[in-house]
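One structure is given here, and the rest of the page talks about it.
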Amino acid sequence: MDTEKRCFKDFKRMVVKVGSSSVAHPTGKPNLFQIENLVRQLADLHNQGKEVILVTSGAVGTGTGKLGLAARPRTIPEKQAAAAVGQGVLMHIYEKFFGEYGVTVGQVLLTRQDFSDRRRFLNARNALHALFQFGVIPVINENDTIAVDEIKFGDNDSLSALVAGLVDAELLILLSDIDGLYTADPRKDPGARLIQDVKEITPEIESLAGGTGSKLGTGGMATKLQAARMAMHSGVVTVIARAGEKDVIRQIIAGEQVGTIFWPSANKLENKKRWIAYSSAVCGKVFVDEGAARALLKQGKSLLPSGVTGVEGNFDMGNTVSIIGPDGREIARGLTYYSSVEIERIKGAQTRDIARILGYKDYDEIVHRNNLVLSL
Ligand SMILES: Nc1ncnc2c1ncn2[C@@H]1O[C@H](COP(=O)(O)OP(=O)(O)O)[C@@H](O)[C@H]1O
Ligand SMILES: N[C@@H](CCC(=O)OP(=O)(O)O)C(=O)O
């Protein structure tokens with residue numbers, strides 16, 4: 001890939017995510033040298049007129065250090081407590097370092113519901129735009145202290161990709177303790193080679209990614225690939241690179257050969273479909289037969305009741321459902337026009353019989369193709 005193509009100097013809006021292993025030492029104490037280096041680079045981008053968002057991990061890690069715990073806590077209440085303490089530690093340091101460069105920051109703590117609820121999704125977007133207008137760098141983390149399993153992202157890689165989509169960023173930089181995606185986890189395989197460009201996340205690429213190698217990190221390379229996939233379908237260029245490099249963000253923007261770059265896919269999903277695929281909460285399952293699976297996957301058709309064989313869960317009209325093919329695998333997600341109770345009654349029926357069975361007919365389709373996203 002030539003440098004000209006890699007050059008992102010004209011990009012205006014970017015999201016930079018930094019992992020726990022880069023923000024804190026294995027002791028759980030903040031890595032001041034690295035945080036300061038990051039802050040200096042972001043402040044400089046800000047001075048160039050760029051709109052930058054920082055997604056920072058490290059609340060649980062630095063909370064662990066501050067509380068003097070020997071290892072990252074395991075129980076949820078302990079993790080929540082560590083995050084409550086650590087988030088304050090982090091913000092104090094960011095405030096101090098950004099303040100030294102004359103840059104104002106604003107803390108934004110998000111949960112999955114801020115993305116799955118369409119109204120909250122739009123509210124979060126408005127808040128971030130207002131921060132941009134005030135010339136503030138938003139510093140985002142998951143709200144770990146209140147986020148329990150059902151409303152948790154669990155990893156900031158996904159969170160940062162969703163944030164990049166939310167604000168229509170052009171570039172997402174995932175800074176880690178490793179300089180990119182390797183052919184294997186370099187901690188385990190010293191012969192592993194760095195992959196410089198990825199155009200599509202194939203199952204083969206996915207199989208290269210292992211879990212975290214550090215005491216403080218959570219998702220490892222697997223969650224970074226998930227994030228990259230979301231970003232690619234949102235039209236965002238994604239780069240995984242090493243946080244410890246002094247000048248890494250400038251190098252990336254200048255098109256120098258650093259890290260692994262994931263190129264946006266040609267078929268960028270429109271906003272609503274992106275929300276259906278990645279943000280909305282899946283409320284139930286609709287099972288379909290071979291013919292319906294083919295119609296959806298190969299012919300771009302809507303889902304009609306005749307191809308539905310079953311339904312699982314309790315959902316209403318307008319909810320997101322997962323559509324499951326005859327082999328038990330998810331083939332698509334979409335917004336349903338009928339509730340689970342209604343689908344149970346009309347499954348397998350012809351469209352013309354819907355009114356007779358239900359006593360009314362609002363729509364011909366169960367999921368219209370405009371509200372349908374094939375599994376990516
Ligand atoms: N194929 C791979 N290429 C590079 N790193 C990998 C790979 N598979 C697993 N890893 C591990 O992923 C780690 C980075 O993820 P993680 O620890 O979650 O970092 P962060 O805290 O920055 O999110 C690396 O230190 C490495 O041990
Ligand atoms: N929100 C958590 C971090 C979760 C996470 O994704 O961590 P990491 O894999 O280090 O980016 C925290 O602040 O501790």
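The chains in the structure tokens are called A, B, ... from first to last as shown; in each chain the residues are counted from 1, and the ligands are counted from 1 in the order shown.
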
Which chains and residue numbers are within 6 Å of ligand 2, counting only C-alpha atoms and all ligand atoms, if I want them as a compact mmCIF listing (two decimals) with N, CA and C atoms, in the first residue's frame?
```
# COMPACT_ATOMS: atom_id res chain seq x y z
N GLY A 19 -5.81 1.43 25.53
CA GLY A 19 -6.11 0.26 26.37
C GLY A 19 -5.51 0.37 27.77
N SER A 20 -6.05 -0.43 28.68
CA SER A 20 -5.59 -0.42 30.08
C SER A 20 -4.09 -0.65 30.18
N SER A 21 -3.59 -1.58 29.35
CA SER A 21 -2.17 -1.94 29.46
C SER A 21 -1.27 -0.78 29.08
N SER A 57 -9.51 3.33 28.47
CA SER A 57 -9.70 2.23 29.42
C SER A 57 -8.86 2.56 30.64
N GLY A 58 -8.86 1.66 31.60
CA GLY A 58 -7.94 1.82 32.72
C GLY A 58 -8.57 2.17 34.04
N ALA A 59 -9.93 2.33 34.07
CA ALA A 59 -10.55 2.67 35.35
C ALA A 59 -10.37 1.53 36.35
N VAL A 60 -10.69 0.31 35.91
CA VAL A 60 -10.56 -0.83 36.83
C VAL A 60 -9.09 -1.04 37.18
N GLY A 61 -8.22 -0.95 36.16
CA GLY A 61 -6.78 -1.16 36.39
C GLY A 61 -6.21 -0.16 37.39
N ASN A 141 -15.43 6.68 28.64
CA ASN A 141 -15.19 5.32 29.11
C ASN A 141 -16.56 4.68 29.30
N GLU A 142 -16.57 3.37 29.46
CA GLU A 142 -17.83 2.74 29.83
C GLU A 142 -18.12 3.11 31.29
N ASP A 144 -18.52 1.81 34.08
CA ASP A 144 -18.32 0.47 34.67
C ASP A 144 -18.98 0.30 36.03
N GLY A 154 -18.44 -4.34 27.87
CA GLY A 154 -17.40 -5.26 28.32
C GLY A 154 -16.04 -4.89 27.78
N ASP A 155 -15.98 -4.29 26.63
CA ASP A 155 -14.66 -3.90 26.14
C ASP A 155 -14.77 -2.55 25.43
N ASN A 156 -13.74 -1.77 25.61
CA ASN A 156 -13.76 -0.42 25.04
C ASN A 156 -13.42 -0.40 23.56
N ASP A 157 -12.95 -1.54 23.02
CA ASP A 157 -12.70 -1.59 21.57
C ASP A 157 -14.03 -1.41 20.85
N GLY A 217 -5.34 -5.84 30.54
CA GLY A 217 -6.18 -5.78 29.33
C GLY A 217 -7.35 -6.75 29.46
N THR A 218 -8.39 -6.54 28.62
CA THR A 218 -9.53 -7.45 28.72
C THR A 218 -9.76 -8.28 27.45
N GLY A 219 -9.96 -7.62 26.32
CA GLY A 219 -10.45 -8.36 25.15
C GLY A 219 -9.38 -8.98 24.26
```

### Task
Return as a list in words the residues of protein, DNA or RNA that approach ligand 1 to within 6 Å, with only C-alpha atoms and all ligand atoms taken into account.
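My answer, listing the contacting residues, is Gly19, Ser20, Ser21, Ser176, Asp177, Ile178, Gly180, Leu181, Tyr182, Thr183, Ala184, Asp185, Arg187, Leu208, Ala209, Gly210, Gly211, Thr212, Gly213, Ser214, Gly217, Thr218, Gly219, Gly220 and Met221 of chain A.
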
With N, CA and C atoms kept, could you save the residues just selected as a PDB file, in the first residue's frame?
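What ended up in result-v2.pdb:
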```pdb
ATOM      1  N   GLY A  19      -5.808   1.426  25.530  1.00  0.00           N
ATOM      2  CA  GLY A  19      -6.109   0.264  26.375  1.00  0.00           C
ATOM      3  C   GLY A  19      -5.506   0.368  27.766  1.00  0.00           C
ATOM      4  N   SER A  20      -6.054  -0.434  28.683  1.00  0.00           N
ATOM      5  CA  SER A  20      -5.590  -0.420  30.082  1.00  0.00           C
ATOM      6  C   SER A  20      -4.087  -0.647  30.183  1.00  0.00           C
ATOM      7  N   SER A  21      -3.587  -1.577  29.354  1.00  0.00           N
ATOM      8  CA  SER A  21      -2.172  -1.939  29.460  1.00  0.00           C
ATOM      9  C   SER A  21      -1.270  -0.782  29.076  1.00  0.00           C
ATOM     10  N   SER A 176      -2.534   0.215  21.684  1.00  0.00           N
ATOM     11  CA  SER A 176      -2.414  -0.923  22.582  1.00  0.00           C
ATOM     12  C   SER A 176      -0.965  -1.126  23.000  1.00  0.00           C
ATOM     13  N   ASP A 177      -0.702  -2.266  23.641  1.00  0.00           N
ATOM     14  CA  ASP A 177       0.677  -2.557  24.031  1.00  0.00           C
ATOM     15  C   ASP A 177       1.370  -3.391  22.960  1.00  0.00           C
ATOM     16  N   ILE A 178       0.772  -3.434  21.781  1.00  0.00           N
ATOM     17  CA  ILE A 178       1.329  -4.222  20.675  1.00  0.00           C
ATOM     18  C   ILE A 178       1.175  -3.376  19.408  1.00  0.00           C
ATOM     19  N   GLY A 180       0.167  -3.906  16.430  1.00  0.00           N
ATOM     20  CA  GLY A 180      -0.813  -4.224  15.393  1.00  0.00           C
ATOM     21  C   GLY A 180      -1.251  -5.671  15.467  1.00  0.00           C
ATOM     22  N   LEU A 181      -1.929  -6.114  14.411  1.00  0.00           N
ATOM     23  CA  LEU A 181      -2.366  -7.511  14.325  1.00  0.00           C
ATOM     24  C   LEU A 181      -1.227  -8.341  13.744  1.00  0.00           C
ATOM     25  N   TYR A 182      -0.865  -9.391  14.455  1.00  0.00           N
ATOM     26  CA  TYR A 182       0.184 -10.297  13.993  1.00  0.00           C
ATOM     27  C   TYR A 182      -0.447 -11.599  13.488  1.00  0.00           C
ATOM     28  N   THR A 183       0.348 -12.386  12.816  1.00  0.00           N
ATOM     29  CA  THR A 183      -0.146 -13.669  12.308  1.00  0.00           C
ATOM     30  C   THR A 183      -0.438 -14.644  13.455  1.00  0.00           C
ATOM     31  N   ALA A 184       0.028 -14.314  14.656  1.00  0.00           N
ATOM     32  CA  ALA A 184      -0.281 -15.082  15.875  1.00  0.00           C
ATOM     33  C   ALA A 184       0.052 -14.165  17.042  1.00  0.00           C
ATOM     34  N   ASP A 185      -0.386 -14.513  18.232  1.00  0.00           N
ATOM     35  CA  ASP A 185      -0.037 -13.680  19.390  1.00  0.00           C
ATOM     36  C   ASP A 185       1.482 -13.716  19.590  1.00  0.00           C
ATOM     37  N   ARG A 187       3.308 -12.857  21.868  1.00  0.00           N
ATOM     38  CA  ARG A 187       3.771 -13.273  23.201  1.00  0.00           C
ATOM     39  C   ARG A 187       3.967 -14.788  23.246  1.00  0.00           C
ATOM     40  N   LEU A 208      -6.619 -15.605  13.736  1.00  0.00           N
ATOM     41  CA  LEU A 208      -5.285 -15.197  14.198  1.00  0.00           C
ATOM     42  C   LEU A 208      -5.342 -14.540  15.570  1.00  0.00           C
ATOM     43  N   ALA A 209      -6.523 -14.014  15.906  1.00  0.00           N
ATOM     44  CA  ALA A 209      -6.621 -13.158  17.093  1.00  0.00           C
ATOM     45  C   ALA A 209      -6.840 -13.957  18.362  1.00  0.00           C
ATOM     46  N   GLY A 210      -5.970 -13.734  19.309  1.00  0.00           N
ATOM     47  CA  GLY A 210      -6.110 -14.375  20.614  1.00  0.00           C
ATOM     48  C   GLY A 210      -6.600 -13.376  21.652  1.00  0.00           C
ATOM     49  N   GLY A 211      -6.666 -13.838  22.895  1.00  0.00           N
ATOM     50  CA  GLY A 211      -7.121 -12.985  23.999  1.00  0.00           C
ATOM     51  C   GLY A 211      -6.007 -12.053  24.465  1.00  0.00           C
ATOM     52  N   THR A 212      -6.264 -11.437  25.612  1.00  0.00           N
ATOM     53  CA  THR A 212      -5.281 -10.478  26.115  1.00  0.00           C
ATOM     54  C   THR A 212      -4.033 -11.191  26.633  1.00  0.00           C
ATOM     55  N   GLY A 213      -2.899 -10.495  26.534  1.00  0.00           N
ATOM     56  CA  GLY A 213      -1.676 -11.110  27.029  1.00  0.00           C
ATOM     57  C   GLY A 213      -1.206 -10.425  28.312  1.00  0.00           C
ATOM     58  N   SER A 214      -1.919  -9.376  28.727  1.00  0.00           N
ATOM     59  CA  SER A 214      -1.420  -8.623  29.881  1.00  0.00           C
ATOM     60  C   SER A 214      -2.311  -8.830  31.100  1.00  0.00           C
ATOM     61  N   GLY A 217      -5.342  -5.838  30.537  1.00  0.00           N
ATOM     62  CA  GLY A 217      -6.179  -5.783  29.335  1.00  0.00           C
ATOM     63  C   GLY A 217      -7.349  -6.754  29.462  1.00  0.00           C
ATOM     64  N   THR A 218      -8.385  -6.543  28.620  1.00  0.00           N
ATOM     65  CA  THR A 218      -9.532  -7.455  28.720  1.00  0.00           C
ATOM     66  C   THR A 218      -9.757  -8.275  27.455  1.00  0.00           C
ATOM     67  N   GLY A 219      -9.964  -7.615  26.316  1.00  0.00           N
ATOM     68  CA  GLY A 219     -10.447  -8.356  25.149  1.00  0.00           C
ATOM     69  C   GLY A 219      -9.383  -8.975  24.262  1.00  0.00           C
ATOM     70  N   GLY A 220      -8.141  -8.467  24.334  1.00  0.00           N
ATOM     71  CA  GLY A 220      -7.101  -8.950  23.434  1.00  0.00           C
ATOM     72  C   GLY A 220      -7.384  -8.516  22.004  1.00  0.00           C
ATOM     73  N   MET A 221      -6.832  -9.261  21.048  1.00  0.00           N
ATOM     74  CA  MET A 221      -6.963  -8.876  19.640  1.00  0.00           C
ATOM     75  C   MET A 221      -8.369  -9.183  19.107  1.00  0.00           C
TER      76      MET A 221
END
```

### Task
Name the residues of stretch 130-335 of chain A that come out as helix (DSSP H, G or I) in a backbone DSSP run; write them as a ChimeraX atom specification.
/A:130-133,149-151,156-166,203-206,220-233,248-254,271-279,290-299,305-307

### Task
For A:Ala71, please output as a list in words all residues within 10 Å (counting only C-alpha atoms; exclusion window: fewer than 2 positions along the same chain).
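After dropping sequence-adjacent residues, the list is Pro26, Thr27, Gly28, Gly61, Thr64, Gly65, Gly68, Leu69, Pro73, Arg74, Lys215 and Leu216 of chain A.
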
### Task
Give me the residues within 12 Å of stretch 361-363 of chain A as a PyMOL selection string, counting only C-alpha atoms and dropping any in the same chain fewer than 3 places off.
chain A and resi 302-305+317+336-339+342+346+351-358+366-368

### Message
If we count only C-alpha atoms and set the cut-off at 10 Å, which residues sit around stretch 247-264 of chain A, ignoring sequence neighbours fewer than 6 positions away in its own chain? Please answer as an MDAnalysis selection string.
### Response
chainID A and resid 1:11 16 37:38 40:42 44:45 170:175 178:182 194:201 225 228:241

### Task
Find the distance between atom CA of A:His46 and atom CA of A:Leu131 and write it in Å to one decimal.
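A separation of 12.7 Å between them.
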
### Query
What is the distance between atom CA of A:Thr111 and atom CA of A:Leu269, in Å to one decimal?
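If I compute the distance from atom CA of A:Thr111 to atom CA of A:Leu269, I get 23.0 Å.
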
### Distance of atom CA of A:Gln80 from atom CA of A:Gly63, expressed in Å to one decimal place
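About the pair atom CA of A:Gly63 and atom CA of A:Gln80: they are 9.4 Å apart.
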
### Message
Env of A:Met91: 10 Å cut, atoms = only C-alpha atoms, seq-sep filter 2 positions within chain, self excluded. Answer as an NGL selection string.
### Response
:A and (56 or 59 or 86-89 or 93-97 or 105-107 or 139)

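With only C-alpha atoms as the atoms that count, the minimum distance from A:Ala293 to the choices A:Gly328, A:Pro186, A:Gly244, A:Pro30 is reached by A:Gly328.
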
### Task
List every residue of stretch 157-353 of chain A that DSSP, applied to the backbone of this structure, assigns to strand (DSSP E), and report them as an MDAnalysis selection string.
chainID A and resid 171:176 197:198 237:242 260:262 282:288 308:312 320:324 330:335

### Message
Report as a list in words all protein, DNA and RNA residues lying within 9 Å of A:Leu297, evaluated on only C-alpha atoms, omitting residues in the same chain fewer than 5 positions from it.
### Response
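Selected residues are Ala292, Ile331, Ala332 and Leu374 of chain A.
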
### Task
Select, from A:Leu335, A:Ala243, A:Ile324, A:Leu128, the residue with the minimum atom-to-atom distance to A:Arg13, counting only C-alpha atoms.
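Ranked by minimum distance to A:Arg13, first place goes to A:Leu128.
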